[in-house]
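K.L.:
Data: my_file-v5.txt, compact mmCIF, N, CA and C atoms.
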```
# COMPACT_ATOMS: atom_id res chain seq x y z
N MET A 1 4.89 7.67 -0.21
CA MET A 1 3.96 8.76 -0.03
C MET A 1 3.25 8.55 1.31
N ALA A 2 3.09 9.60 2.03
CA ALA A 2 2.44 9.51 3.33
C ALA A 2 0.97 9.86 3.20
N GLY A 3 0.13 9.13 3.90
CA GLY A 3 -1.29 9.44 3.98
C GLY A 3 -1.61 9.53 5.46
N GLY A 4 -1.67 10.72 6.02
CA GLY A 4 -1.77 10.86 7.47
C GLY A 4 -0.45 10.40 8.05
N ARG A 5 -0.49 9.52 9.04
CA ARG A 5 0.74 8.99 9.61
C ARG A 5 1.11 7.64 9.00
N ARG A 6 0.31 7.15 8.08
CA ARG A 6 0.56 5.85 7.48
C ARG A 6 1.20 6.02 6.11
N ARG A 7 2.11 5.13 5.81
CA ARG A 7 2.79 5.19 4.52
C ARG A 7 2.00 4.40 3.49
N LEU A 8 2.04 4.89 2.27
CA LEU A 8 1.37 4.26 1.15
C LEU A 8 2.41 3.44 0.39
N ASP A 9 2.02 2.24 -0.08
CA ASP A 9 2.97 1.40 -0.82
C ASP A 9 3.26 1.94 -2.21
N LEU A 10 2.22 2.42 -2.91
CA LEU A 10 2.43 2.87 -4.28
C LEU A 10 1.34 3.84 -4.69
N LEU A 11 1.71 4.82 -5.48
CA LEU A 11 0.75 5.73 -6.08
C LEU A 11 0.80 5.48 -7.58
N GLY A 12 -0.30 4.94 -8.13
CA GLY A 12 -0.35 4.62 -9.56
C GLY A 12 -0.34 5.87 -10.41
N ALA A 13 -0.05 5.68 -11.69
CA ALA A 13 0.02 6.81 -12.63
C ALA A 13 -1.31 7.55 -12.72
N ASP A 14 -2.42 6.87 -12.42
CA ASP A 14 -3.73 7.53 -12.47
C ASP A 14 -4.17 8.01 -11.08
N SER A 15 -3.23 8.09 -10.14
CA SER A 15 -3.43 8.56 -8.76
C SER A 15 -4.16 7.56 -7.87
N THR A 16 -4.31 6.33 -8.31
CA THR A 16 -4.86 5.29 -7.44
C THR A 16 -3.83 4.95 -6.38
N ARG A 17 -4.27 4.89 -5.14
CA ARG A 17 -3.40 4.53 -4.03
C ARG A 17 -3.45 3.01 -3.88
N VAL A 18 -2.28 2.37 -3.86
CA VAL A 18 -2.22 0.90 -3.84
C VAL A 18 -1.50 0.43 -2.58
N GLU A 19 -2.13 -0.51 -1.88
CA GLU A 19 -1.53 -1.17 -0.72
C GLU A 19 -1.32 -2.64 -1.06
N PHE A 20 -0.08 -3.11 -0.95
CA PHE A 20 0.25 -4.52 -1.18
C PHE A 20 0.35 -5.21 0.17
N GLN A 21 -0.27 -6.38 0.29
CA GLN A 21 -0.23 -7.14 1.53
C GLN A 21 0.17 -8.58 1.22
N GLN A 22 1.19 -9.08 1.94
CA GLN A 22 1.61 -10.46 1.74
C GLN A 22 0.97 -11.40 2.74
N ALA A 23 0.40 -10.88 3.78
CA ALA A 23 -0.26 -11.70 4.79
C ALA A 23 -1.51 -10.99 5.24
N LYS A 24 -2.42 -11.78 5.79
CA LYS A 24 -3.66 -11.15 6.24
C LYS A 24 -3.37 -10.21 7.40
N GLU A 25 -4.06 -9.09 7.40
CA GLU A 25 -3.94 -8.10 8.46
C GLU A 25 -5.20 -8.13 9.30
N SER A 26 -5.17 -7.43 10.40
CA SER A 26 -6.38 -7.30 11.21
C SER A 26 -7.33 -6.32 10.54
N VAL A 27 -8.60 -6.50 10.76
CA VAL A 27 -9.60 -5.60 10.18
C VAL A 27 -9.39 -4.15 10.66
N PRO A 28 -9.11 -3.90 11.97
CA PRO A 28 -8.89 -2.50 12.38
C PRO A 28 -7.72 -1.85 11.65
N ASN A 29 -6.64 -2.59 11.40
CA ASN A 29 -5.50 -2.03 10.68
C ASN A 29 -5.88 -1.72 9.24
N THR A 30 -6.66 -2.60 8.63
CA THR A 30 -7.12 -2.39 7.26
C THR A 30 -7.98 -1.13 7.17
N HIS A 31 -8.95 -1.00 8.09
CA HIS A 31 -9.80 0.18 8.09
C HIS A 31 -9.01 1.44 8.40
N GLY A 32 -8.00 1.33 9.26
CA GLY A 32 -7.15 2.48 9.56
C GLY A 32 -6.44 2.99 8.32
N LYS A 33 -5.93 2.08 7.51
CA LYS A 33 -5.27 2.48 6.27
C LYS A 33 -6.27 3.11 5.30
N GLU A 34 -7.47 2.54 5.22
CA GLU A 34 -8.47 3.13 4.34
C GLU A 34 -8.84 4.54 4.77
N LEU A 35 -8.97 4.76 6.06
CA LEU A 35 -9.30 6.10 6.57
C LEU A 35 -8.15 7.08 6.33
N ALA A 36 -6.92 6.61 6.51
CA ALA A 36 -5.76 7.49 6.33
C ALA A 36 -5.60 7.94 4.89
N HIS A 37 -5.96 7.09 3.95
CA HIS A 37 -5.75 7.41 2.54
C HIS A 37 -7.02 7.90 1.85
N ALA A 38 -8.10 8.03 2.59
CA ALA A 38 -9.38 8.56 2.10
C ALA A 38 -9.92 7.74 0.94
N THR A 39 -9.96 8.31 -0.24
CA THR A 39 -10.59 7.61 -1.37
C THR A 39 -9.55 7.06 -2.33
N GLY A 40 -10.01 6.20 -3.22
CA GLY A 40 -9.15 5.71 -4.29
C GLY A 40 -8.15 4.65 -3.86
N LEU A 41 -8.41 3.93 -2.77
CA LEU A 41 -7.46 2.92 -2.31
C LEU A 41 -7.76 1.58 -2.96
N MET A 42 -6.70 0.92 -3.42
CA MET A 42 -6.79 -0.42 -3.99
C MET A 42 -5.92 -1.34 -3.15
N TRP A 43 -6.47 -2.51 -2.81
CA TRP A 43 -5.74 -3.53 -2.07
C TRP A 43 -5.29 -4.62 -3.02
N VAL A 44 -4.03 -5.05 -2.89
CA VAL A 44 -3.53 -6.20 -3.63
C VAL A 44 -2.98 -7.18 -2.60
N PHE A 45 -3.71 -8.28 -2.41
CA PHE A 45 -3.31 -9.30 -1.45
C PHE A 45 -2.64 -10.45 -2.18
N CYS A 46 -1.53 -10.91 -1.65
CA CYS A 46 -0.78 -12.03 -2.23
C CYS A 46 -1.38 -13.34 -1.71
N VAL A 47 -1.96 -14.12 -2.61
CA VAL A 47 -2.50 -15.43 -2.25
C VAL A 47 -1.86 -16.51 -3.12
N ILE A 48 -0.63 -16.25 -3.53
CA ILE A 48 0.09 -17.19 -4.39
C ILE A 48 0.22 -18.55 -3.73
N ASN A 49 0.61 -18.61 -2.47
CA ASN A 49 0.77 -19.89 -1.78
C ASN A 49 -0.55 -20.64 -1.65
N GLN A 50 -1.63 -19.92 -1.33
CA GLN A 50 -2.94 -20.55 -1.18
C GLN A 50 -3.43 -21.13 -2.51
N HIS A 51 -3.18 -20.40 -3.60
CA HIS A 51 -3.60 -20.87 -4.92
C HIS A 51 -2.76 -22.08 -5.34
N ALA A 52 -1.47 -22.02 -5.13
CA ALA A 52 -0.58 -23.14 -5.50
C ALA A 52 -0.90 -24.40 -4.69
N ALA A 53 -1.33 -24.23 -3.43
CA ALA A 53 -1.65 -25.37 -2.57
C ALA A 53 -3.05 -25.93 -2.83
N GLY A 54 -3.83 -25.24 -3.66
CA GLY A 54 -5.18 -25.71 -3.96
C GLY A 54 -6.24 -25.22 -3.00
N ASP A 55 -5.88 -24.29 -2.08
CA ASP A 55 -6.88 -23.73 -1.16
C ASP A 55 -7.73 -22.66 -1.83
N PHE A 56 -7.19 -22.05 -2.88
CA PHE A 56 -7.92 -21.05 -3.67
C PHE A 56 -7.96 -21.60 -5.10
N PHE A 57 -9.17 -21.80 -5.63
CA PHE A 57 -9.27 -22.32 -6.99
C PHE A 57 -10.54 -21.82 -7.66
N PHE A 58 -10.51 -21.86 -8.98
CA PHE A 58 -11.66 -21.42 -9.78
C PHE A 58 -12.63 -22.58 -9.92
N THR A 59 -13.90 -22.29 -9.69
CA THR A 59 -14.94 -23.30 -9.88
C THR A 59 -15.58 -23.18 -11.25
N SER A 60 -15.49 -22.01 -11.85
CA SER A 60 -15.95 -21.83 -13.23
C SER A 60 -15.29 -20.58 -13.80
N ARG A 61 -15.23 -20.56 -15.12
CA ARG A 61 -14.61 -19.42 -15.79
C ARG A 61 -15.21 -19.27 -17.18
N GLN A 62 -15.59 -18.03 -17.51
CA GLN A 62 -16.05 -17.69 -18.84
C GLN A 62 -15.27 -16.47 -19.28
N GLY A 63 -14.28 -16.69 -20.12
CA GLY A 63 -13.40 -15.60 -20.53
C GLY A 63 -12.66 -15.06 -19.32
N ALA A 64 -12.76 -13.74 -19.11
CA ALA A 64 -12.07 -13.11 -17.99
C ALA A 64 -12.86 -13.18 -16.69
N ARG A 65 -14.14 -13.56 -16.75
CA ARG A 65 -14.98 -13.67 -15.55
C ARG A 65 -14.75 -15.02 -14.89
N ALA A 66 -14.60 -15.02 -13.58
CA ALA A 66 -14.32 -16.27 -12.86
C ALA A 66 -15.07 -16.31 -11.54
N THR A 67 -15.43 -17.51 -11.15
CA THR A 67 -16.02 -17.79 -9.84
C THR A 67 -15.00 -18.62 -9.08
N PHE A 68 -14.83 -18.33 -7.78
CA PHE A 68 -13.81 -19.03 -7.02
C PHE A 68 -14.33 -19.57 -5.70
N LEU A 69 -13.58 -20.50 -5.15
CA LEU A 69 -13.79 -21.04 -3.82
C LEU A 69 -12.46 -20.93 -3.10
N TRP A 70 -12.50 -20.45 -1.85
CA TRP A 70 -11.26 -20.23 -1.08
C TRP A 70 -11.42 -20.86 0.29
N LYS A 71 -10.67 -21.95 0.52
CA LYS A 71 -10.65 -22.60 1.84
C LYS A 71 -9.72 -21.82 2.75
N ASN A 72 -10.04 -21.70 4.01
CA ASN A 72 -9.24 -20.93 4.98
C ASN A 72 -9.05 -19.48 4.50
N ALA A 73 -10.12 -18.92 4.01
CA ALA A 73 -10.08 -17.56 3.44
C ALA A 73 -9.84 -16.51 4.51
N TRP A 74 -9.33 -15.38 4.08
CA TRP A 74 -9.10 -14.24 4.96
C TRP A 74 -10.39 -13.42 4.99
N ALA A 75 -11.10 -13.47 6.09
CA ALA A 75 -12.38 -12.79 6.21
C ALA A 75 -12.28 -11.29 5.99
N LEU A 76 -11.12 -10.70 6.26
CA LEU A 76 -11.00 -9.25 6.13
C LEU A 76 -11.15 -8.78 4.69
N ILE A 77 -11.01 -9.67 3.71
CA ILE A 77 -11.19 -9.27 2.32
C ILE A 77 -12.58 -8.66 2.13
N GLY A 78 -13.57 -9.26 2.76
CA GLY A 78 -14.93 -8.75 2.66
C GLY A 78 -15.14 -7.45 3.39
N SER A 79 -14.20 -7.06 4.25
CA SER A 79 -14.32 -5.81 5.01
C SER A 79 -13.68 -4.63 4.31
N CYS A 80 -12.93 -4.88 3.26
CA CYS A 80 -12.25 -3.78 2.55
C CYS A 80 -13.26 -2.95 1.78
N ASN A 81 -13.10 -1.64 1.85
CA ASN A 81 -14.00 -0.73 1.14
C ASN A 81 -13.49 -0.37 -0.25
N GLY A 82 -12.19 -0.47 -0.46
CA GLY A 82 -11.63 -0.13 -1.77
C GLY A 82 -11.67 -1.31 -2.71
N ARG A 83 -11.11 -1.12 -3.90
CA ARG A 83 -10.98 -2.22 -4.86
C ARG A 83 -10.04 -3.26 -4.28
N VAL A 84 -10.33 -4.54 -4.52
CA VAL A 84 -9.50 -5.63 -4.00
C VAL A 84 -9.09 -6.53 -5.14
N LEU A 85 -7.78 -6.75 -5.26
CA LEU A 85 -7.24 -7.72 -6.20
C LEU A 85 -6.46 -8.76 -5.42
N LEU A 86 -6.54 -10.00 -5.87
CA LEU A 86 -5.76 -11.08 -5.28
C LEU A 86 -4.74 -11.51 -6.32
N ASP A 87 -3.45 -11.48 -5.93
CA ASP A 87 -2.38 -11.91 -6.81
C ASP A 87 -2.24 -13.42 -6.68
N LEU A 88 -2.51 -14.14 -7.77
CA LEU A 88 -2.47 -15.60 -7.76
C LEU A 88 -1.15 -16.16 -8.25
N GLY A 89 -0.26 -15.29 -8.72
CA GLY A 89 1.00 -15.79 -9.26
C GLY A 89 0.75 -16.53 -10.57
N LEU A 90 1.67 -17.44 -10.89
CA LEU A 90 1.53 -18.25 -12.09
C LEU A 90 0.47 -19.32 -11.81
N SER A 91 -0.70 -19.13 -12.35
CA SER A 91 -1.84 -20.00 -12.08
C SER A 91 -1.81 -21.21 -13.00
N GLN A 92 -1.80 -22.38 -12.41
CA GLN A 92 -1.88 -23.61 -13.22
C GLN A 92 -3.25 -23.73 -13.88
N GLN A 93 -4.28 -23.17 -13.27
CA GLN A 93 -5.62 -23.23 -13.86
C GLN A 93 -5.76 -22.31 -15.07
N VAL A 94 -5.02 -21.20 -15.07
CA VAL A 94 -5.12 -20.24 -16.16
C VAL A 94 -3.95 -20.38 -17.13
N GLY A 95 -2.77 -20.73 -16.60
CA GLY A 95 -1.59 -20.88 -17.44
C GLY A 95 -0.80 -19.60 -17.61
N ASP A 96 -1.01 -18.65 -16.71
CA ASP A 96 -0.32 -17.36 -16.80
C ASP A 96 -0.32 -16.72 -15.41
N HIS A 97 0.49 -15.68 -15.22
CA HIS A 97 0.49 -14.93 -13.95
C HIS A 97 -0.69 -13.97 -14.00
N VAL A 98 -1.66 -14.19 -13.12
CA VAL A 98 -2.88 -13.38 -13.13
C VAL A 98 -3.23 -12.89 -11.73
N LEU A 99 -4.06 -11.87 -11.72
CA LEU A 99 -4.70 -11.37 -10.52
C LEU A 99 -6.20 -11.46 -10.77
N ILE A 100 -6.98 -11.51 -9.71
CA ILE A 100 -8.43 -11.45 -9.87
C ILE A 100 -8.93 -10.26 -9.09
N GLU A 101 -9.68 -9.39 -9.77
CA GLU A 101 -10.30 -8.23 -9.12
C GLU A 101 -11.67 -8.67 -8.62
N ILE A 102 -11.81 -8.66 -7.31
CA ILE A 102 -13.01 -9.19 -6.66
C ILE A 102 -14.16 -8.20 -6.78
N ASP A 103 -15.33 -8.69 -7.21
CA ASP A 103 -16.53 -7.85 -7.19
C ASP A 103 -17.60 -8.44 -6.28
N HIS A 104 -17.41 -9.70 -5.86
CA HIS A 104 -18.33 -10.30 -4.89
C HIS A 104 -17.51 -11.27 -4.02
N PHE A 105 -17.67 -11.14 -2.70
CA PHE A 105 -16.94 -11.99 -1.75
C PHE A 105 -17.87 -12.32 -0.61
N GLU A 106 -18.02 -13.60 -0.32
CA GLU A 106 -18.95 -14.02 0.72
C GLU A 106 -18.35 -15.16 1.53
N MET A 107 -18.27 -14.95 2.85
CA MET A 107 -17.84 -16.02 3.75
C MET A 107 -19.01 -16.99 3.90
N VAL A 108 -18.76 -18.27 3.68
CA VAL A 108 -19.82 -19.27 3.72
C VAL A 108 -19.99 -19.84 5.12
N ASP A 109 -18.91 -20.25 5.75
CA ASP A 109 -19.01 -20.92 7.04
C ASP A 109 -17.97 -20.43 8.06
N GLY A 110 -17.47 -19.24 7.87
CA GLY A 110 -16.46 -18.70 8.78
C GLY A 110 -15.04 -19.02 8.36
N ARG A 111 -14.86 -19.97 7.47
CA ARG A 111 -13.52 -20.35 7.00
C ARG A 111 -13.43 -20.41 5.48
N THR A 112 -14.54 -20.69 4.84
CA THR A 112 -14.55 -20.84 3.39
C THR A 112 -15.30 -19.67 2.77
N ALA A 113 -14.75 -19.18 1.66
CA ALA A 113 -15.39 -18.06 0.95
C ALA A 113 -15.64 -18.45 -0.50
N THR A 114 -16.65 -17.84 -1.06
CA THR A 114 -16.90 -17.94 -2.49
C THR A 114 -16.96 -16.52 -3.02
N GLY A 115 -16.80 -16.39 -4.31
CA GLY A 115 -16.87 -15.06 -4.89
C GLY A 115 -16.70 -15.08 -6.39
N THR A 116 -16.78 -13.90 -6.95
CA THR A 116 -16.61 -13.71 -8.39
C THR A 116 -15.69 -12.53 -8.62
N GLY A 117 -15.15 -12.48 -9.81
CA GLY A 117 -14.30 -11.35 -10.16
C GLY A 117 -13.84 -11.42 -11.60
N THR A 118 -13.02 -10.45 -11.95
CA THR A 118 -12.47 -10.34 -13.30
C THR A 118 -10.98 -10.60 -13.25
N LEU A 119 -10.52 -11.52 -14.08
CA LEU A 119 -9.09 -11.79 -14.15
C LEU A 119 -8.37 -10.64 -14.83
N ARG A 120 -7.19 -10.33 -14.32
CA ARG A 120 -6.33 -9.29 -14.89
C ARG A 120 -4.94 -9.89 -15.08
N GLY A 121 -4.31 -9.62 -16.20
CA GLY A 121 -2.95 -10.10 -16.44
C GLY A 121 -1.95 -9.29 -15.62
N ALA A 122 -0.94 -9.98 -15.09
CA ALA A 122 0.07 -9.30 -14.27
C ALA A 122 0.84 -8.25 -15.07
N GLN A 123 1.14 -8.56 -16.32
CA GLN A 123 1.89 -7.60 -17.14
C GLN A 123 1.07 -6.34 -17.38
N GLU A 124 -0.21 -6.50 -17.70
CA GLU A 124 -1.08 -5.34 -17.91
C GLU A 124 -1.25 -4.54 -16.63
N PHE A 125 -1.28 -5.25 -15.48
CA PHE A 125 -1.37 -4.57 -14.19
C PHE A 125 -0.15 -3.68 -13.98
N CYS A 126 1.03 -4.18 -14.32
CA CYS A 126 2.27 -3.38 -14.19
C CYS A 126 2.24 -2.17 -15.11
N TYR A 127 1.76 -2.34 -16.35
CA TYR A 127 1.64 -1.21 -17.28
C TYR A 127 0.67 -0.17 -16.72
N TRP A 128 -0.43 -0.64 -16.16
CA TRP A 128 -1.41 0.27 -15.57
C TRP A 128 -0.78 1.08 -14.44
N MET A 129 -0.03 0.42 -13.55
CA MET A 129 0.60 1.13 -12.44
C MET A 129 1.61 2.16 -12.94
N ARG A 130 2.41 1.75 -13.92
CA ARG A 130 3.49 2.61 -14.40
C ARG A 130 3.01 3.75 -15.28
N ASP A 131 2.13 3.44 -16.25
CA ASP A 131 1.77 4.41 -17.28
C ASP A 131 0.34 4.91 -17.22
N GLY A 132 -0.51 4.26 -16.43
CA GLY A 132 -1.90 4.67 -16.38
C GLY A 132 -2.75 4.13 -17.51
N HIS A 133 -2.19 3.16 -18.28
CA HIS A 133 -2.99 2.53 -19.34
C HIS A 133 -4.22 1.89 -18.72
N PRO A 134 -5.32 1.81 -19.46
CA PRO A 134 -6.50 1.13 -18.92
C PRO A 134 -6.14 -0.31 -18.53
N LEU A 135 -6.78 -0.80 -17.48
CA LEU A 135 -6.52 -2.15 -16.99
C LEU A 135 -7.57 -3.08 -17.60
N PRO A 136 -7.22 -3.72 -18.73
CA PRO A 136 -8.22 -4.55 -19.41
C PRO A 136 -8.41 -5.90 -18.72
N PRO A 137 -9.52 -6.55 -19.00
CA PRO A 137 -9.69 -7.92 -18.52
C PRO A 137 -8.63 -8.82 -19.16
N TYR A 138 -8.29 -9.89 -18.48
CA TYR A 138 -7.30 -10.82 -18.98
C TYR A 138 -7.83 -11.55 -20.21
N SER A 139 -7.01 -11.64 -21.22
CA SER A 139 -7.36 -12.45 -22.40
C SER A 139 -6.12 -13.25 -22.79
N TRP A 140 -6.31 -14.53 -22.90
CA TRP A 140 -5.20 -15.40 -23.22
C TRP A 140 -4.98 -15.42 -24.72
N THR A 141 -3.74 -15.17 -25.12
CA THR A 141 -3.37 -15.24 -26.53
C THR A 141 -2.26 -16.27 -26.66
N PRO A 142 -2.47 -17.29 -27.48
CA PRO A 142 -1.42 -18.31 -27.64
C PRO A 142 -0.12 -17.69 -28.15
N ARG A 143 0.98 -18.13 -27.57
CA ARG A 143 2.29 -17.64 -28.02
C ARG A 143 2.69 -18.39 -29.29
N ALA A 144 3.39 -17.70 -30.15
CA ALA A 144 3.86 -18.33 -31.39
C ALA A 144 4.86 -19.43 -31.05
N ALA A 145 4.79 -20.51 -31.80
CA ALA A 145 5.70 -21.65 -31.56
C ALA A 145 7.04 -21.41 -32.16
```
What does this structure look like when you write it as structure tokens?

P.N.:
Amino acid sequence: MAGGRRRLDLLGADSTRVEFQQAKESVPNTHGKELAHATGLMWVFCVINQHAAGDFFFTSRQGARATFLWKNAWALIGSCNGRVLLDLGLSQQVGDHVLIEIDHFEMVDGRTATGTGTLRGAQEFCYWMRDGHPLPPYSWTPRAA
């Protein structure tokens, strides 16, 4: 789908515009995409490698709410105006493939960030994109043995 002269990665079933990013982009490019797509833009940044290497980790967690610390963080995350999710892949800390929807992001010293957010299950995220089902907070349910 085109938004101005820029292409959109995905249009969710509920008309949310989704941009997937595997690497950090420049802030002007990020703002350009937000302007081209107007409202309803969601960013999904892949931080699987950073999480697996221990540069992104949870400092506390209560249910689906989590606080994190990110070494060598991408400062542009704090510049995004739309919803921001970070794809953590299969998280050893959580034990499942999860994303975190950021609601607070703060650069501490120019390289390290702290923040809070709500964990979302990858499978539920896919259902939300495909069918428009509500995107619930992540809840871990033990699998039957």

K.L.:
Can you list, as a PDB file with N, CA and C atoms, keeping the file's coordinate frame, every protein, DNA or RNA residue that comes within 10 Å of Pro134 of chain A when you count only C-alpha atoms, leaving out same-chain residues fewer than 5 positions away?

P.N.:
```pdb
ATOM      1  N   ASP A  14      -2.420   6.870 -12.420  1.00  0.00           N
ATOM      2  CA  ASP A  14      -3.730   7.530 -12.470  1.00  0.00           C
ATOM      3  C   ASP A  14      -4.170   8.010 -11.080  1.00  0.00           C
ATOM      4  N   GLU A 124      -0.210  -6.500 -17.700  1.00  0.00           N
ATOM      5  CA  GLU A 124      -1.080  -5.340 -17.910  1.00  0.00           C
ATOM      6  C   GLU A 124      -1.250  -4.540 -16.630  1.00  0.00           C
ATOM      7  N   PHE A 125      -1.280  -5.250 -15.480  1.00  0.00           N
ATOM      8  CA  PHE A 125      -1.370  -4.570 -14.190  1.00  0.00           C
ATOM      9  C   PHE A 125      -0.150  -3.680 -13.980  1.00  0.00           C
ATOM     10  N   TYR A 127       1.760  -2.340 -16.350  1.00  0.00           N
ATOM     11  CA  TYR A 127       1.640  -1.210 -17.280  1.00  0.00           C
ATOM     12  C   TYR A 127       0.670  -0.170 -16.720  1.00  0.00           C
ATOM     13  N   TRP A 128      -0.430  -0.640 -16.160  1.00  0.00           N
ATOM     14  CA  TRP A 128      -1.410   0.270 -15.570  1.00  0.00           C
ATOM     15  C   TRP A 128      -0.780   1.080 -14.440  1.00  0.00           C
ATOM     16  N   MET A 129      -0.030   0.420 -13.550  1.00  0.00           N
ATOM     17  CA  MET A 129       0.600   1.130 -12.440  1.00  0.00           C
ATOM     18  C   MET A 129       1.610   2.160 -12.940  1.00  0.00           C
TER      19      MET A 129
END
```

K.L.:
For a quick check of understanding, using only N, CA and C atoms, which of A:Gly12, A:Gly78, A:Gly63, A:Pro136 has the smallest distance to Met107 of chain A?

P.N.:
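Using only N, CA and C atoms, the shortest distance to Met107 of chain A belongs to A:Gly78.
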
K.L.:
In terms of the shortest atom-to-atom distance over only C-alpha atoms, which of A:Val44, A:Leu119, A:Ile102, A:Ala113 is closest to Asp87 of chain A?

P.N.:
A:Val44

K.L.:
Could you list as a PyMOL selection string every residue that has an atom within 6.5 Å of (-15.1, -11.7, -7.3), using the file's coordinates and counting only N, CA and C atoms?

P.N.:
chain A and resi 66+101-105+115-118

K.L.:
Which of these, A:Gln50, A:Ser139, A:Thr16, A:Gln123, has the shortest distance to His97 of chain A once you count only C-alpha atoms?

P.N.:
A:Gln123

K.L.:
If you count only C-alpha atoms, which residues fall within 12 Å of Ile48 of chain A, apart from same-chain ones fewer than 5 positions away, as a PDB file with N, CA and C atoms, keeping the file's coordinate frame?

P.N.:
```
ATOM      1  N   GLN A  21      -0.270  -6.380   0.290  1.00  0.00           N
ATOM      2  CA  GLN A  21      -0.230  -7.140   1.530  1.00  0.00           C
ATOM      3  C   GLN A  21       0.170  -8.580   1.220  1.00  0.00           C
ATOM      4  N   GLN A  22       1.190  -9.080   1.940  1.00  0.00           N
ATOM      5  CA  GLN A  22       1.610 -10.460   1.740  1.00  0.00           C
ATOM      6  C   GLN A  22       0.970 -11.400   2.740  1.00  0.00           C
ATOM      7  N   ALA A  23       0.400 -10.880   3.780  1.00  0.00           N
ATOM      8  CA  ALA A  23      -0.260 -11.700   4.790  1.00  0.00           C
ATOM      9  C   ALA A  23      -1.510 -10.990   5.240  1.00  0.00           C
ATOM     10  N   ALA A  53      -1.330 -24.230  -3.430  1.00  0.00           N
ATOM     11  CA  ALA A  53      -1.650 -25.370  -2.570  1.00  0.00           C
ATOM     12  C   ALA A  53      -3.050 -25.930  -2.830  1.00  0.00           C
ATOM     13  N   GLY A  54      -3.830 -25.240  -3.660  1.00  0.00           N
ATOM     14  CA  GLY A  54      -5.180 -25.710  -3.960  1.00  0.00           C
ATOM     15  C   GLY A  54      -6.240 -25.220  -3.000  1.00  0.00           C
ATOM     16  N   ASP A  55      -5.880 -24.290  -2.080  1.00  0.00           N
ATOM     17  CA  ASP A  55      -6.880 -23.730  -1.160  1.00  0.00           C
ATOM     18  C   ASP A  55      -7.730 -22.660  -1.830  1.00  0.00           C
ATOM     19  N   PHE A  56      -7.190 -22.050  -2.880  1.00  0.00           N
ATOM     20  CA  PHE A  56      -7.920 -21.050  -3.670  1.00  0.00           C
ATOM     21  C   PHE A  56      -7.960 -21.600  -5.100  1.00  0.00           C
ATOM     22  N   PHE A  57      -9.170 -21.800  -5.630  1.00  0.00           N
ATOM     23  CA  PHE A  57      -9.270 -22.320  -6.990  1.00  0.00           C
ATOM     24  C   PHE A  57     -10.540 -21.820  -7.660  1.00  0.00           C
ATOM     25  N   LEU A  86      -6.540 -10.000  -5.870  1.00  0.00           N
ATOM     26  CA  LEU A  86      -5.760 -11.080  -5.280  1.00  0.00           C
ATOM     27  C   LEU A  86      -4.740 -11.510  -6.320  1.00  0.00           C
ATOM     28  N   ASP A  87      -3.450 -11.480  -5.930  1.00  0.00           N
ATOM     29  CA  ASP A  87      -2.380 -11.910  -6.810  1.00  0.00           C
ATOM     30  C   ASP A  87      -2.240 -13.420  -6.680  1.00  0.00           C
ATOM     31  N   LEU A  88      -2.510 -14.140  -7.770  1.00  0.00           N
ATOM     32  CA  LEU A  88      -2.470 -15.600  -7.760  1.00  0.00           C
ATOM     33  C   LEU A  88      -1.150 -16.160  -8.250  1.00  0.00           C
ATOM     34  N   GLY A  89      -0.260 -15.290  -8.720  1.00  0.00           N
ATOM     35  CA  GLY A  89       1.000 -15.790  -9.260  1.00  0.00           C
ATOM     36  C   GLY A  89       0.750 -16.530 -10.570  1.00  0.00           C
ATOM     37  N   LEU A  90       1.670 -17.440 -10.890  1.00  0.00           N
ATOM     38  CA  LEU A  90       1.530 -18.250 -12.090  1.00  0.00           C
ATOM     39  C   LEU A  90       0.470 -19.320 -11.810  1.00  0.00           C
ATOM     40  N   SER A  91      -0.700 -19.130 -12.350  1.00  0.00           N
ATOM     41  CA  SER A  91      -1.840 -20.000 -12.080  1.00  0.00           C
ATOM     42  C   SER A  91      -1.810 -21.210 -13.000  1.00  0.00           C
ATOM     43  N   GLN A  92      -1.800 -22.380 -12.410  1.00  0.00           N
ATOM     44  CA  GLN A  92      -1.880 -23.610 -13.220  1.00  0.00           C
ATOM     45  C   GLN A  92      -3.250 -23.730 -13.880  1.00  0.00           C
ATOM     46  N   HIS A  97       0.490 -15.680 -15.220  1.00  0.00           N
ATOM     47  CA  HIS A  97       0.490 -14.930 -13.950  1.00  0.00           C
ATOM     48  C   HIS A  97      -0.690 -13.970 -14.000  1.00  0.00           C
ATOM     49  N   VAL A  98      -1.660 -14.190 -13.120  1.00  0.00           N
ATOM     50  CA  VAL A  98      -2.880 -13.380 -13.130  1.00  0.00           C
ATOM     51  C   VAL A  98      -3.230 -12.890 -11.730  1.00  0.00           C
ATOM     52  N   LEU A  99      -4.060 -11.870 -11.720  1.00  0.00           N
ATOM     53  CA  LEU A  99      -4.700 -11.370 -10.520  1.00  0.00           C
ATOM     54  C   LEU A  99      -6.200 -11.460 -10.770  1.00  0.00           C
ATOM     55  N   ILE A 100      -6.980 -11.510  -9.710  1.00  0.00           N
ATOM     56  CA  ILE A 100      -8.430 -11.450  -9.870  1.00  0.00           C
ATOM     57  C   ILE A 100      -8.930 -10.260  -9.090  1.00  0.00           C
TER      58      ILE A 100
END
```

K.L.:
Between atom CA of Thr67 of chain A and atom CA of Leu11 of chain A, what is the spacing in Å?

P.N.:
29.1 Å

K.L.:
Can you measure atom CA of Arg120 of chain A to atom CA of Pro137 of chain A for me? One decimal in Å is fine.

P.N.:
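The value is 5.1 Å.
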
K.L.:
Restricting the calculation to all atoms listed in the file: of A:Asp9, A:Gly82, A:Gln93, A:Ser15, which residue gets closest to Gly132 of chain A?

P.N.:
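Nearest to Gly132 of chain A: A:Ser15.
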
K.L.:
Quick one: what's the axis-aligned box for segment 63-82 of chain A, all listed atoms, 3 Å on every side, centre and edges in Å to one decimal, as JSON?

P.N.:
```
{"center_x": -12.5, "center_y": -11.4, "center_z": -7.1, "size_x": 13.0, "size_y": 28.5, "size_z": 32.8}
```

K.L.:
Go through A:Ala13, A:Val84, A:Ile77, A:Leu69 and flag the residue nearest Thr114 of chain A, using only N, CA and C atoms for the distances.

P.N.:
A:Leu69

K.L.:
How many Å lie between atom CA of Thr59 of chain A and atom CA of Val18 of chain A, rounded to one decimal?

P.N.:
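One can read the atom CA of Thr59 of chain A to atom CA of Val18 of chain A distance as 28.0 Å.
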